[in-house]
Amino acid sequence: MEYIGEHLLPGKIGHFLIIFSFVCSILASLAYFFSTQRRALPEAKGWRNIGRTAFGLHGISVFGIIGIIFYVMTMRYYEYHYVYAHVNDDLAYKYLASAFWEGQEGSFLLWMFWHVVLGGILIWKAKEWESPVLAVVAASQVLIGSMLLGLHFGSGEWEFKIGSNPLLLLRDVMQAPVFANADYLSLIKGTGLNPLLQNYWMTIHPPTLFLGFASTVVPFAYAVAGYWTKQYKAWLKPVMPWALFSGAILGTGILMGGAWAYEALSFGGYWAWDPVENMSLVPWILLIGGIHTNLIARNTGYSIKSTYLFYSLCFVFILYSTFLTRSGILGETSVHAFTEMGLENQLLLLILFFLGITLYQFIKNYSKVPAPEKEEATPSKEFWMFIGSLVLFFSAILITVSTSLPVYNKIVELFNPEHIAVTIQDPVEHHNKFQLWIAVLIGVLSGCAQLLRFKERNWKSYMSKYLKHIGGVILVAGVLTFLTNYWLTIVAWQHQLLLFAGLFGVLANLDYLINFIKFNLKIAGSSFAHIGFGFMILGAIASGLNKQHISSNRFAQKGLLDEKLLDTNVLIFKDMPMYMSGYRVTYTNDTMIGNERIFNIDYEKLDKDGNVLNSFSVKPVALYNNKLTKVAAYNPSTKHFLHKDIFTHIANLPEVEADIEARHAREDSLKFISYSSMLGDTIFMDKFFAIIEDINRDPKHEEYEREADDIAIGLKMVVKRPGFEQGWNAEPMLLLRKNMVYSYPTQINDLGVRVKLPEEIFARVFDMNQKLKFTDFTLKEGEEINFNGSKIVFKGFNTEPNNPEYTKQEGDIAVGAKLNIQDPDGKPWYTEPIYLIRGNQPYNLKDQVEEIGLHFIFQEIDPNNQTVKIGVAQAEQSERAIPVEMTEDALRSDYLVLETIVFPGINFFWMGTIMMMLGLAASMINRRRQA
Amino acid sequence: MQKIHIIGLVMIALAIGALISMMSDVVEYSNFQQAIDAGSRVKVVGVLSKDKPMEYNPQKDANHFSFFIKDDQGMEKKVILNKSKPQDFEMSEQIVVTGTMKNDNFVADEILLKCPSKYKDEEIQLKKEEQKI
């Protein structure tokens with residue numbers, strides 16, 4: 001079939017570039033391989049130049065692929081599956097990048113993009129290391145690039161797939177009847193970006209994290225290069241700044257994930273030991289371990305093998321983490337959503353390839369790697385740093401083992417299909433239990449080891465100074481631990497110990513900074529990083545152990561919420577202040593902007609006498625899906641103070657507010673009772689009574705927007721509670737638009753009353769006109785007639801007629817007849833039927849006094865005699881009754897369930913983590929200068 | 001014996017200790033029969049019984065949601081979740097609940113849904129009236 005409007009050229013160029021970049025990466029990797037192997041020969045330079053050219057072409061192709069995907073996304077070419085799956089017409093341009101890396105293919109490309117950038121810098125700067133390092137980087141590009149190939153072999157059960165091509169056409173990926181239409185493109189629209197991902201975190205977190213991922217290839221490549229070229233020591237120097245860079249960026253990327261979870265998602269925390277978080281943390285821990293052994297190796301010559309293993313395993317674990325998160329294997333243990341691409345085996349192959357290289361080199365060179373003959377001295381810096389690295393390694397192993405249980409299950413199932421899968425009961429508790437000791441050891445070691453000296457040869461003379469300083473630090477840390485207990489409630493001794501270890505680390509490194517290196521900022525990076533670690537521990541203890549739900553009011557909420565949740569959630573009604581834990585909280589309003597429904601919640605802190613001490617507002621959000629039919633997520637809003645955060649999020653909305661379908665179902669399930677009443681009469685319900693005050697032919701409703709040709713009827717009603725003067729207004733309406741009837745009911749939340757209009761109201765209002773029998777009267781101004789006991793006086797013309805059924809148009813000639821009426825009871829009324837000439841065509845617009853059932857038509861004007869002909873009709877009593885439907889058991893829908901948590905001292909956590917990253921960055925800059 | 005060997009032995013001892021200690025945190029995914037027999041806190045895997053009623057009345061209790069799931073042995077039980085109803089609950093392919101059996105009901109405080117990915121969505125979004133084909 002010849003399809004209309006498809007743009008196939010970008011796809012074709014893209015396919016070519018994918019293949020081309022893949023081939024170039026193979027070529028680059030081979031050329032650099034030979035350049036390394038024959039490094040002693042003159043041809044090495046030629047090979048290197050081929051490698052450079054191939055890597056350059058590879059890089060250009062990768063940029064080209066990314067450019068093409070952005071182009072088809074920008075142009076909204078929905079014929080491409082990737083565009084269809086991630087973009088829609090409404091998506092703002094600022095989220096285009098997020099939509100690009102939302103998909104697996106896009107994120108692989110992002111990864112490759114960073115490899116290309118890093119590879120470029122290495123070609124420029126790495127000098128003699130260029131060939132072996134780039135051989136490894138290019139090889140990693142071959143394997144990641146293969147994820148985009150989209151090649152299929154075999155069929156049926158034996159179908160193999162290599163990669164998933166991001167430029168496939170929609171009609172090749174999905175089968176649907178719509179493709180029978182040559183013009184299918186005019187019918188389809190995109191799925192759009194998941195609304196949860198439409199925020200700035202999704203713009204900054206993935207590129208940072210992927211730069212972190214990508215940068216781990218460099219230390220790995222240097223490690224392999226060092227072993228490969230038998231320069232076991234020389235690589236330790238140039239690798240250092242790269243490892244520090246990687247540590248800073250990967251750490252920042254992970255932290256951004258935590259900050260995103262805390263700031264914008266309703267997780268209620270920044271770290272949850274979720275498998276996805278764990279598996280990005282493990283490579284970082286290994287990297288930090290590697291940086292420490294690298295430092296030992298540079299200063300003393302010990303620990304070269306450990307450094308090699310740390311850096312290599314870091315990269316392998318990056319791949320393993322990719323495997324876990326992209327294979328769907330974690331589906332049962334993680335809250336994150338995963339998609340399976342059918343590339344599990346390919347990913348596994350990738351891991352095994354690099355693990356193979358790592359182990360092969362390690363074993364082959366094991367005995368050749370030089371190490372000092374003598375053992376390191378016990379009171380030396382290198383010894384205790386090495387112990388610290390081992391602790392980090394241990395931490396990585398523990399986290400990995402627990403997180404890998406799904407993999408264990410899969411493997412055992414292969415051999416024993418009867419195997420019952422196992423999992424960790426409570427992951428947070430489990431990990432905290434073990435990592436607590438890791439943190440205690442790291443805190444203490446980071447202090448103790450920092451003050452020691454490398455290659456200690458004169459411990460005897462140094463010992464007293466050392467012990468004096470350590471003793472002082474222990475004393476101050478102990479006092480501070482004691483004082484902190486006035487601020488935080490810490491029950492378990494293990495946590496007291498952890499607090500002490502954190503403070504000890506901070507103080508010891510502060511001591512080092514002041515008394516040992518005398519604020520020499522060039523070499524202060526490690527002090528800052530370690531102080532940061534200590535503060536992070538302090539912040540985690542404060543905000544984690546001492547987080548407190550203030551959203552509770554046991555007294556007021558009894559019966560509203562489940563007993564178990566009384567202490568954590570409150571239900572608040574709109575405009576009704578709720579008192580909780582010393583705050584007066586009021587939900588004042590909400591507004592819809594795009595697909596965000598933003599709620600305004602006011603907090604007022606009260607003292608004992610009820611005076612307002614301070615007040616602030618938060619704006620939590622209910623985020624609707626792209627079709628605006630359902631709440632997709634609730635996003636929190638946090639008030640930051642220096643010493644604490646107050647975190648607020650909506651735990652729940654009434655189902656009728658959160659889900660359109662539920663709203664319809666509720667509407668259908670309500671038992672409405674039909675009433676029929678004369679205007680002004682009282683309708684008695686079970687508990688309340690209602691009065692219809694008027695029929696409104698130009699009704700208004702907050703959800704109704706008037707369009708031309710709408711026919712709408714509304715009622716003005718008041719609902720009252722017996723014995724109370726005050727009433728609640730209700731203005732339900734019914735709309736007829738293009739043969740469809742739409743109902744706009746009114747709900748009075750305070751009474752649980754819901755009012756709607758039945759379709760019969762149209763018959764009541766419009767059919768009546770046909771049944772009326774008009775009697776015509778010819779009247780002069782001031783003349784009075786009598787009709788069924790009512791006196792009617794013609795009071796003259798109104799040339800600016802005002803009638804809800806009349807909308808003025810250009811060229812109209814309209815005139816109203818002012819009629820004063822006195823009903824048989826002597827009550828006065830006013831009415832104004834209209835005579836209208838529009839386009840040479842005369843019309844008579846009726847007017848009526850519903851209360852007494854009199855209808856009037858302005859039949860004609862006799863200009864010569866200055867008279868008008870007015871038709872008057874009396875509606876039958878039975879026809880005048882107005883139908884209305886009401887129920888008294890409508891549930892309230894003007895409330896929300898709120899969860900508010902105070903995180904004390906959380907800024908210690910952020911400050912500490914940021915200091916760690918800055919410390920790593922500062923060290924990188926320093927090492928870079930040295931290298 | 002060198003220090004490094006002592007450290008190695010200590011590490012191995014610690015590793016074994018940690019692994020043994022980890023075993024106590026590991027549980028098997030259960031079915032309802034096992035949950036009844038155990039009487040303790042377990043994780044049950046099942047699929048939502050779409051023909052049975054789901055009850056959720058947030059005004060009465062915003063944190064009470066009940067539904068039925070069927071485990072891999074075909075046993076069906078009512079699950080009472082002490083939480084609000086999760087988003088896209090009906091779309092789940094598989095549900096993992098953590099809790100205990102109480103009076104023939106499974107009282108859960110944690111839930112994990114496995115939802116189909118949007119790539120598997122065999123429906124094409126059309127422009128008009130949100131129709132799907």
# chains A, B, ... in the order shown; residues from 1 in each chain; ligands from 1
>>> residues_around(residues="Phe67 of chain B", least_positions_apart="5", cutoff="12 Å", atoms="only C-alpha atoms", output="MDAnalysis selection string")
chainID B and resid 46:56 76:82 85:86 89:90 95 97 105:108
>>> closest_residue(among="B:Met23, B:Ala13, B:Ala35, B:Met101", to="chain A", atoms="only C-alpha atoms")
B:Met23
>>> residues_around(residues="Asn749 of chain A", least_positions_apart="2", cutoff="9 Å", atoms="only C-alpha atoms", output="list in words")
Gln747, Leu751, Gly752, Val753, Arg754, Ala890, Leu891, Arg892, Ser893 and Asp894 of chain A
>>> write_last_selection(atoms="N, CA and C atoms", output="short mmCIF file (atom, residue, chain, number, x, y, z; two decimals), in the first residue's frame")
data_model
loop_
_atom_site.label_atom_id
_atom_site.label_comp_id
_atom_site.auth_asym_id
_atom_site.auth_seq_id
_atom_site.Cartn_x
_atom_site.Cartn_y
_atom_site.Cartn_z
N GLN A 747 -23.79 19.92 43.80
CA GLN A 747 -23.68 19.20 45.05
C GLN A 747 -23.52 20.18 46.20
N LEU A 751 -24.50 19.32 53.16
CA LEU A 751 -25.73 18.56 53.44
C LEU A 751 -25.70 17.16 52.84
N GLY A 752 -24.75 16.93 51.92
CA GLY A 752 -24.77 15.66 51.21
C GLY A 752 -25.91 15.59 50.22
N VAL A 753 -26.35 16.76 49.77
CA VAL A 753 -27.47 16.80 48.82
C VAL A 753 -26.93 17.03 47.42
N ARG A 754 -27.48 16.30 46.47
CA ARG A 754 -27.07 16.49 45.08
C ARG A 754 -28.34 16.68 44.26
N ALA A 890 -25.61 11.87 48.89
CA ALA A 890 -24.40 12.06 48.09
C ALA A 890 -23.22 12.22 49.05
N LEU A 891 -22.14 11.50 48.79
CA LEU A 891 -20.98 11.62 49.69
C LEU A 891 -20.24 12.91 49.39
N ARG A 892 -19.63 13.43 50.42
CA ARG A 892 -18.86 14.66 50.23
C ARG A 892 -17.72 14.42 49.26
N SER A 893 -17.40 15.42 48.50
CA SER A 893 -16.26 15.27 47.60
C SER A 893 -15.31 16.45 47.72
N ASP A 894 -15.41 17.18 48.83
CA ASP A 894 -14.57 18.37 48.97
C ASP A 894 -13.55 18.19 50.08
#
>>> closest_residue(among="B:Leu19, B:Met75, B:Ile69, B:Ile36", to="chain A", atoms="only C-alpha atoms")
B:Leu19
>>> residues_around(residues="segment 193-210 of chain A", least_positions_apart="2", cutoff="6 Å", atoms="only C-alpha atoms", output="ChimeraX atom specification")
/A:86-87,98-99,111,212-214,250,253,256
>>> residues_around(residues="segment 861-875 of chain A", least_positions_apart="5", cutoff="9 Å", atoms="only C-alpha atoms", output="PDB file with N, CA, C and O atoms, in the first residue's frame")
ATOM      1  N   MET A 768     -44.281  23.240  26.189  1.00  0.00           N
ATOM      2  CA  MET A 768     -45.405  24.032  26.686  1.00  0.00           C
ATOM      3  C   MET A 768     -45.843  25.060  25.642  1.00  0.00           C
ATOM      4  O   MET A 768     -47.029  25.308  25.453  1.00  0.00           O
ATOM      5  N   LYS A 771     -48.485  23.935  23.415  1.00  0.00           N
ATOM      6  CA  LYS A 771     -49.784  23.658  24.021  1.00  0.00           C
ATOM      7  C   LYS A 771     -50.533  24.928  24.388  1.00  0.00           C
ATOM      8  O   LYS A 771     -51.753  24.911  24.565  1.00  0.00           O
ATOM      9  N   LEU A 772     -49.800  26.007  24.500  1.00  0.00           N
ATOM     10  CA  LEU A 772     -50.448  27.245  24.973  1.00  0.00           C
ATOM     11  C   LEU A 772     -51.425  27.767  23.927  1.00  0.00           C
ATOM     12  O   LEU A 772     -51.157  27.728  22.729  1.00  0.00           O
ATOM     13  N   LYS A 773     -52.568  28.235  24.412  1.00  0.00           N
ATOM     14  CA  LYS A 773     -53.553  28.838  23.502  1.00  0.00           C
ATOM     15  C   LYS A 773     -53.575  30.330  23.805  1.00  0.00           C
ATOM     16  O   LYS A 773     -54.007  30.753  24.876  1.00  0.00           O
ATOM     17  N   PHE A 774     -53.051  31.088  22.830  1.00  0.00           N
ATOM     18  CA  PHE A 774     -52.916  32.518  23.063  1.00  0.00           C
ATOM     19  C   PHE A 774     -54.173  33.270  22.646  1.00  0.00           C
ATOM     20  O   PHE A 774     -54.787  32.958  21.618  1.00  0.00           O
ATOM     21  N   THR A 775     -54.547  34.203  23.446  1.00  0.00           N
ATOM     22  CA  THR A 775     -55.629  35.123  23.080  1.00  0.00           C
ATOM     23  C   THR A 775     -54.972  36.460  22.794  1.00  0.00           C
ATOM     24  O   THR A 775     -54.142  36.919  23.582  1.00  0.00           O
ATOM     25  N   ASP A 776     -55.292  37.052  21.615  1.00  0.00           N
ATOM     26  CA  ASP A 776     -54.623  38.294  21.237  1.00  0.00           C
ATOM     27  C   ASP A 776     -55.404  39.518  21.715  1.00  0.00           C
ATOM     28  O   ASP A 776     -56.626  39.552  21.678  1.00  0.00           O
ATOM     29  N   PHE A 777     -54.656  40.496  22.178  1.00  0.00           N
ATOM     30  CA  PHE A 777     -55.237  41.790  22.593  1.00  0.00           C
ATOM     31  C   PHE A 777     -54.491  42.891  21.868  1.00  0.00           C
ATOM     32  O   PHE A 777     -53.276  42.807  21.721  1.00  0.00           O
ATOM     33  N   THR A 778     -55.217  43.895  21.427  1.00  0.00           N
ATOM     34  CA  THR A 778     -54.568  45.065  20.829  1.00  0.00           C
ATOM     35  C   THR A 778     -54.606  46.183  21.871  1.00  0.00           C
ATOM     36  O   THR A 778     -55.644  46.515  22.422  1.00  0.00           O
ATOM     37  N   LEU A 779     -53.392  46.692  22.146  1.00  0.00           N
ATOM     38  CA  LEU A 779     -53.288  47.623  23.269  1.00  0.00           C
ATOM     39  C   LEU A 779     -52.614  48.918  22.855  1.00  0.00           C
ATOM     40  O   LEU A 779     -51.711  48.925  22.023  1.00  0.00           O
ATOM     41  N   LYS A 780     -53.080  49.999  23.446  1.00  0.00           N
ATOM     42  CA  LYS A 780     -52.386  51.287  23.352  1.00  0.00           C
ATOM     43  C   LYS A 780     -51.567  51.452  24.631  1.00  0.00           C
ATOM     44  O   LYS A 780     -51.837  50.788  25.626  1.00  0.00           O
ATOM     45  N   GLU A 781     -50.576  52.361  24.577  1.00  0.00           N
ATOM     46  CA  GLU A 781     -49.766  52.590  25.766  1.00  0.00           C
ATOM     47  C   GLU A 781     -50.647  53.036  26.921  1.00  0.00           C
ATOM     48  O   GLU A 781     -51.509  53.903  26.742  1.00  0.00           O
ATOM     49  N   PHE A 787     -57.156  39.518  32.358  1.00  0.00           N
ATOM     50  CA  PHE A 787     -57.047  38.160  31.806  1.00  0.00           C
ATOM     51  C   PHE A 787     -57.039  37.170  32.957  1.00  0.00           C
ATOM     52  O   PHE A 787     -56.120  37.188  33.799  1.00  0.00           O
ATOM     53  N   ASN A 788     -58.074  36.354  33.028  1.00  0.00           N
ATOM     54  CA  ASN A 788     -58.194  35.345  34.104  1.00  0.00           C
ATOM     55  C   ASN A 788     -57.982  35.959  35.484  1.00  0.00           C
ATOM     56  O   ASN A 788     -57.322  35.362  36.335  1.00  0.00           O
ATOM     57  N   PHE A 794     -50.009  47.808  29.448  1.00  0.00           N
ATOM     58  CA  PHE A 794     -48.929  48.021  28.494  1.00  0.00           C
ATOM     59  C   PHE A 794     -48.267  49.344  28.831  1.00  0.00           C
ATOM     60  O   PHE A 794     -48.876  50.402  28.721  1.00  0.00           O
ATOM     61  N   ALA A 817     -41.996  44.950  24.595  1.00  0.00           N
ATOM     62  CA  ALA A 817     -43.215  45.578  25.123  1.00  0.00           C
ATOM     63  C   ALA A 817     -43.195  45.442  26.636  1.00  0.00           C
ATOM     64  O   ALA A 817     -43.144  44.327  27.163  1.00  0.00           O
ATOM     65  N   PRO A 833     -42.057  40.690  26.512  1.00  0.00           N
ATOM     66  CA  PRO A 833     -41.901  39.930  25.258  1.00  0.00           C
ATOM     67  C   PRO A 833     -41.288  40.838  24.188  1.00  0.00           C
ATOM     68  O   PRO A 833     -41.404  42.056  24.275  1.00  0.00           O
ATOM     69  N   TYR A 835     -40.370  41.818  20.055  1.00  0.00           N
ATOM     70  CA  TYR A 835     -40.668  41.721  18.626  1.00  0.00           C
ATOM     71  C   TYR A 835     -39.375  42.044  17.914  1.00  0.00           C
ATOM     72  O   TYR A 835     -38.741  43.076  18.169  1.00  0.00           O
ATOM     73  N   ILE A 852     -46.930  32.629  38.004  1.00  0.00           N
ATOM     74  CA  ILE A 852     -48.396  32.575  37.881  1.00  0.00           C
ATOM     75  C   ILE A 852     -48.829  31.915  36.576  1.00  0.00           C
ATOM     76  O   ILE A 852     -50.003  31.833  36.245  1.00  0.00           O
ATOM     77  N   GLY A 853     -47.838  31.418  35.793  1.00  0.00           N
ATOM     78  CA  GLY A 853     -48.153  30.648  34.605  1.00  0.00           C
ATOM     79  C   GLY A 853     -48.687  31.481  33.449  1.00  0.00           C
ATOM     80  O   GLY A 853     -49.393  30.953  32.587  1.00  0.00           O
ATOM     81  N   LEU A 854     -48.365  32.761  33.405  1.00  0.00           N
ATOM     82  CA  LEU A 854     -48.829  33.589  32.291  1.00  0.00           C
ATOM     83  C   LEU A 854     -47.733  33.735  31.252  1.00  0.00           C
ATOM     84  O   LEU A 854     -46.577  34.005  31.583  1.00  0.00           O
ATOM     85  N   HIS A 855     -48.087  33.538  29.987  1.00  0.00           N
ATOM     86  CA  HIS A 855     -47.128  33.641  28.889  1.00  0.00           C
ATOM     87  C   HIS A 855     -47.577  34.730  27.930  1.00  0.00           C
ATOM     88  O   HIS A 855     -48.777  34.888  27.688  1.00  0.00           O
ATOM     89  N   PHE A 856     -46.597  35.425  27.377  1.00  0.00           N
ATOM     90  CA  PHE A 856     -46.916  36.574  26.526  1.00  0.00           C
ATOM     91  C   PHE A 856     -46.137  36.500  25.226  1.00  0.00           C
ATOM     92  O   PHE A 856     -44.952  36.162  25.226  1.00  0.00           O
ATOM     93  N   ARG A 880     -47.434  23.272  34.606  1.00  0.00           N
ATOM     94  CA  ARG A 880     -46.482  24.235  35.154  1.00  0.00           C
ATOM     95  C   ARG A 880     -45.497  23.615  36.152  1.00  0.00           C
ATOM     96  O   ARG A 880     -44.512  24.238  36.520  1.00  0.00           O
TER      97      ARG A 880
END
>>> residues_around(residues="Ser21 of chain B", least_positions_apart="4", cutoff="12 Å", atoms="only C-alpha atoms", output="list in words")
Leu398, Ser402, His430, His431, Lys433 and Phe434 of chain A; Leu14, Ala15, Ile16, Gly17, Asp25 and Val26 of chain B
>>> write_last_selection(atoms="all heavy atoms", output="JSON list (two decimals), in the first residue's frame")
[["chain", "number", "residue", "atom", "x", "y", "z"],
["A", 398, "LEU", "N", 27.64, -7.14, 50.03],
["A", 398, "LEU", "CA", 26.39, -7.39, 50.79],
["A", 398, "LEU", "C", 25.19, -6.85, 50.03],
["A", 398, "LEU", "O", 24.17, -7.51, 49.89],
["A", 398, "LEU", "CB", 26.48, -6.72, 52.16],
["A", 398, "LEU", "CG", 27.38, -7.41, 53.18],
["A", 398, "LEU", "CD1", 27.44, -6.59, 54.45],
["A", 398, "LEU", "CD2", 26.86, -8.82, 53.48],
["A", 402, "SER", "N", 22.06, -9.32, 48.28],
["A", 402, "SER", "CA", 20.64, -9.19, 48.60],
["A", 402, "SER", "C", 19.83, -8.75, 47.39],
["A", 402, "SER", "O", 18.72, -9.22, 47.17],
["A", 402, "SER", "CB", 20.42, -8.16, 49.70],
["A", 402, "SER", "OG", 21.22, -8.44, 50.78],
["A", 430, "HIS", "N", 16.55, -4.58, 56.41],
["A", 430, "HIS", "CA", 17.63, -5.51, 56.11],
["A", 430, "HIS", "C", 18.92, -4.78, 55.77],
["A", 430, "HIS", "O", 19.97, -5.03, 56.37],
["A", 430, "HIS", "CB", 17.19, -6.40, 54.95],
["A", 430, "HIS", "CG", 18.29, -7.18, 54.31],
["A", 430, "HIS", "ND1", 18.74, -8.37, 54.83],
["A", 430, "HIS", "CD2", 19.04, -6.95, 53.21],
["A", 430, "HIS", "CE1", 19.72, -8.83, 54.07],
["A", 430, "HIS", "NE2", 19.93, -7.99, 53.08],
["A", 431, "HIS", "N", 18.84, -3.86, 54.82],
["A", 431, "HIS", "CA", 20.06, -3.17, 54.39],
["A", 431, "HIS", "C", 20.59, -2.26, 55.49],
["A", 431, "HIS", "O", 21.80, -2.19, 55.71],
["A", 431, "HIS", "CB", 19.80, -2.37, 53.12],
["A", 431, "HIS", "CG", 19.70, -3.23, 51.90],
["A", 431, "HIS", "ND1", 20.78, -3.84, 51.33],
["A", 431, "HIS", "CD2", 18.64, -3.60, 51.15],
["A", 431, "HIS", "CE1", 20.41, -4.54, 50.27],
["A", 431, "HIS", "NE2", 19.10, -4.42, 50.14],
["A", 433, "LYS", "N", 20.43, -2.63, 58.61],
["A", 433, "LYS", "CA", 21.05, -3.45, 59.64],
["A", 433, "LYS", "C", 22.53, -3.70, 59.34],
["A", 433, "LYS", "O", 23.37, -3.60, 60.22],
["A", 433, "LYS", "CB", 20.28, -4.77, 59.72],
["A", 433, "LYS", "CG", 20.64, -5.65, 60.88],
["A", 433, "LYS", "CD", 19.63, -6.79, 61.03],
["A", 433, "LYS", "CE", 19.81, -7.87, 59.98],
["A", 433, "LYS", "NZ", 18.75, -8.88, 60.01],
["A", 434, "PHE", "N", 22.82, -4.01, 58.07],
["A", 434, "PHE", "CA", 24.21, -4.30, 57.71],
["A", 434, "PHE", "C", 25.01, -3.04, 57.44],
["A", 434, "PHE", "O", 26.14, -2.90, 57.88],
["A", 434, "PHE", "CB", 24.25, -5.20, 56.47],
["A", 434, "PHE", "CG", 23.81, -6.59, 56.74],
["A", 434, "PHE", "CD1", 22.57, -7.05, 56.32],
["A", 434, "PHE", "CD2", 24.62, -7.46, 57.47],
["A", 434, "PHE", "CE1", 22.16, -8.34, 56.59],
["A", 434, "PHE", "CE2", 24.21, -8.75, 57.75],
["A", 434, "PHE", "CZ", 22.98, -9.19, 57.31],
["B", 14, "LEU", "N", 33.67, -12.99, 58.56],
["B", 14, "LEU", "CA", 32.59, -11.99, 58.58],
["B", 14, "LEU", "C", 31.59, -12.24, 57.46],
["B", 14, "LEU", "O", 30.38, -12.13, 57.65],
["B", 14, "LEU", "CB", 33.19, -10.58, 58.43],
["B", 14, "LEU", "CG", 33.75, -9.95, 59.69],
["B", 14, "LEU", "CD1", 34.40, -8.62, 59.35],
["B", 14, "LEU", "CD2", 32.64, -9.74, 60.72],
["B", 15, "ALA", "N", 32.12, -12.59, 56.28],
["B", 15, "ALA", "CA", 31.24, -12.82, 55.14],
["B", 15, "ALA", "C", 30.28, -13.97, 55.43],
["B", 15, "ALA", "O", 29.08, -13.88, 55.16],
["B", 15, "ALA", "CB", 32.07, -13.12, 53.89],
["B", 16, "ILE", "N", 30.84, -15.05, 56.02],
["B", 16, "ILE", "CA", 29.98, -16.19, 56.33],
["B", 16, "ILE", "C", 28.93, -15.79, 57.37],
["B", 16, "ILE", "O", 27.73, -16.07, 57.21],
["B", 16, "ILE", "CB", 30.84, -17.39, 56.84],
["B", 16, "ILE", "CG1", 31.68, -17.91, 55.68],
["B", 16, "ILE", "CG2", 29.96, -18.49, 57.40],
["B", 16, "ILE", "CD1", 32.78, -18.87, 56.10],
["B", 17, "GLY", "N", 29.41, -15.05, 58.38],
["B", 17, "GLY", "CA", 28.48, -14.58, 59.41],
["B", 17, "GLY", "C", 27.37, -13.73, 58.81],
["B", 17, "GLY", "O", 26.18, -13.92, 59.10],
["B", 25, "ASP", "N", 16.58, -12.92, 56.91],
["B", 25, "ASP", "CA", 15.74, -11.89, 56.31],
["B", 25, "ASP", "C", 15.07, -12.36, 55.03],
["B", 25, "ASP", "O", 14.25, -11.65, 54.45],
["B", 25, "ASP", "CB", 16.58, -10.64, 55.99],
["B", 25, "ASP", "CG", 17.03, -9.94, 57.24],
["B", 25, "ASP", "OD1", 16.52, -10.29, 58.31],
["B", 25, "ASP", "OD2", 17.90, -9.05, 57.15],
["B", 26, "VAL", "N", 15.47, -13.55, 54.59],
["B", 26, "VAL", "CA", 14.95, -14.03, 53.30],
["B", 26, "VAL", "C", 13.70, -14.86, 53.51],
["B", 26, "VAL", "O", 13.64, -15.69, 54.41],
["B", 26, "VAL", "CB", 16.04, -14.86, 52.58],
["B", 26, "VAL", "CG1", 15.49, -15.55, 51.36],
["B", 26, "VAL", "CG2", 17.20, -13.96, 52.21]]
>>> closest_residue(among="A:Val491, A:Ser146, A:Val570, A:Leu497", to="Ser552 of chain A", atoms="only C-alpha atoms")
A:Val570
>>> select_by_dssp(residues="segment 666-909 of chain A", states="strand (DSSP E)", output="PyMOL selection string")
chain A and resi 673-677+682-684+689-696+711-720+727-730+733-737+740-744+746-748+753-756+775-780+784-787+790-798+813-822+828-831+834-838+841-845+847-849+854-862+867-874+882-887+895-904
>>> atom_distance(atom1="atom CA of Ser878 of chain A", atom2="atom CA of Ser676 of chain A")
10.0 Å
>>> atom_distance(atom1="atom CA of Gly59 of chain A", atom2="atom CA of Gly46 of chain A")
19.9 Å
>>> closest_residue(among="A:Ala730, A:Leu343, A:Leu845, A:Ile188", to="chain B", atoms="only C-alpha atoms")
A:Ile188
>>> residues_around(residues="Ile4 of chain B", least_positions_apart="6", cutoff="12 Å", atoms="only C-alpha atoms", output="MDAnalysis selection string")
(chainID A and resid 302:303 374:378 383:384 386:387 390) or (chainID B and resid 10:11)
>>> closest_residue(among="B:Lys70, B:His5, B:Lys43, B:Lys102", to="chain A", atoms="only C-alpha atoms")
B:Lys43
>>> closest_residue(among="B:Phe68, B:Gln2, B:Asp37, B:Met91", to="chain A", atoms="only C-alpha atoms")
B:Gln2
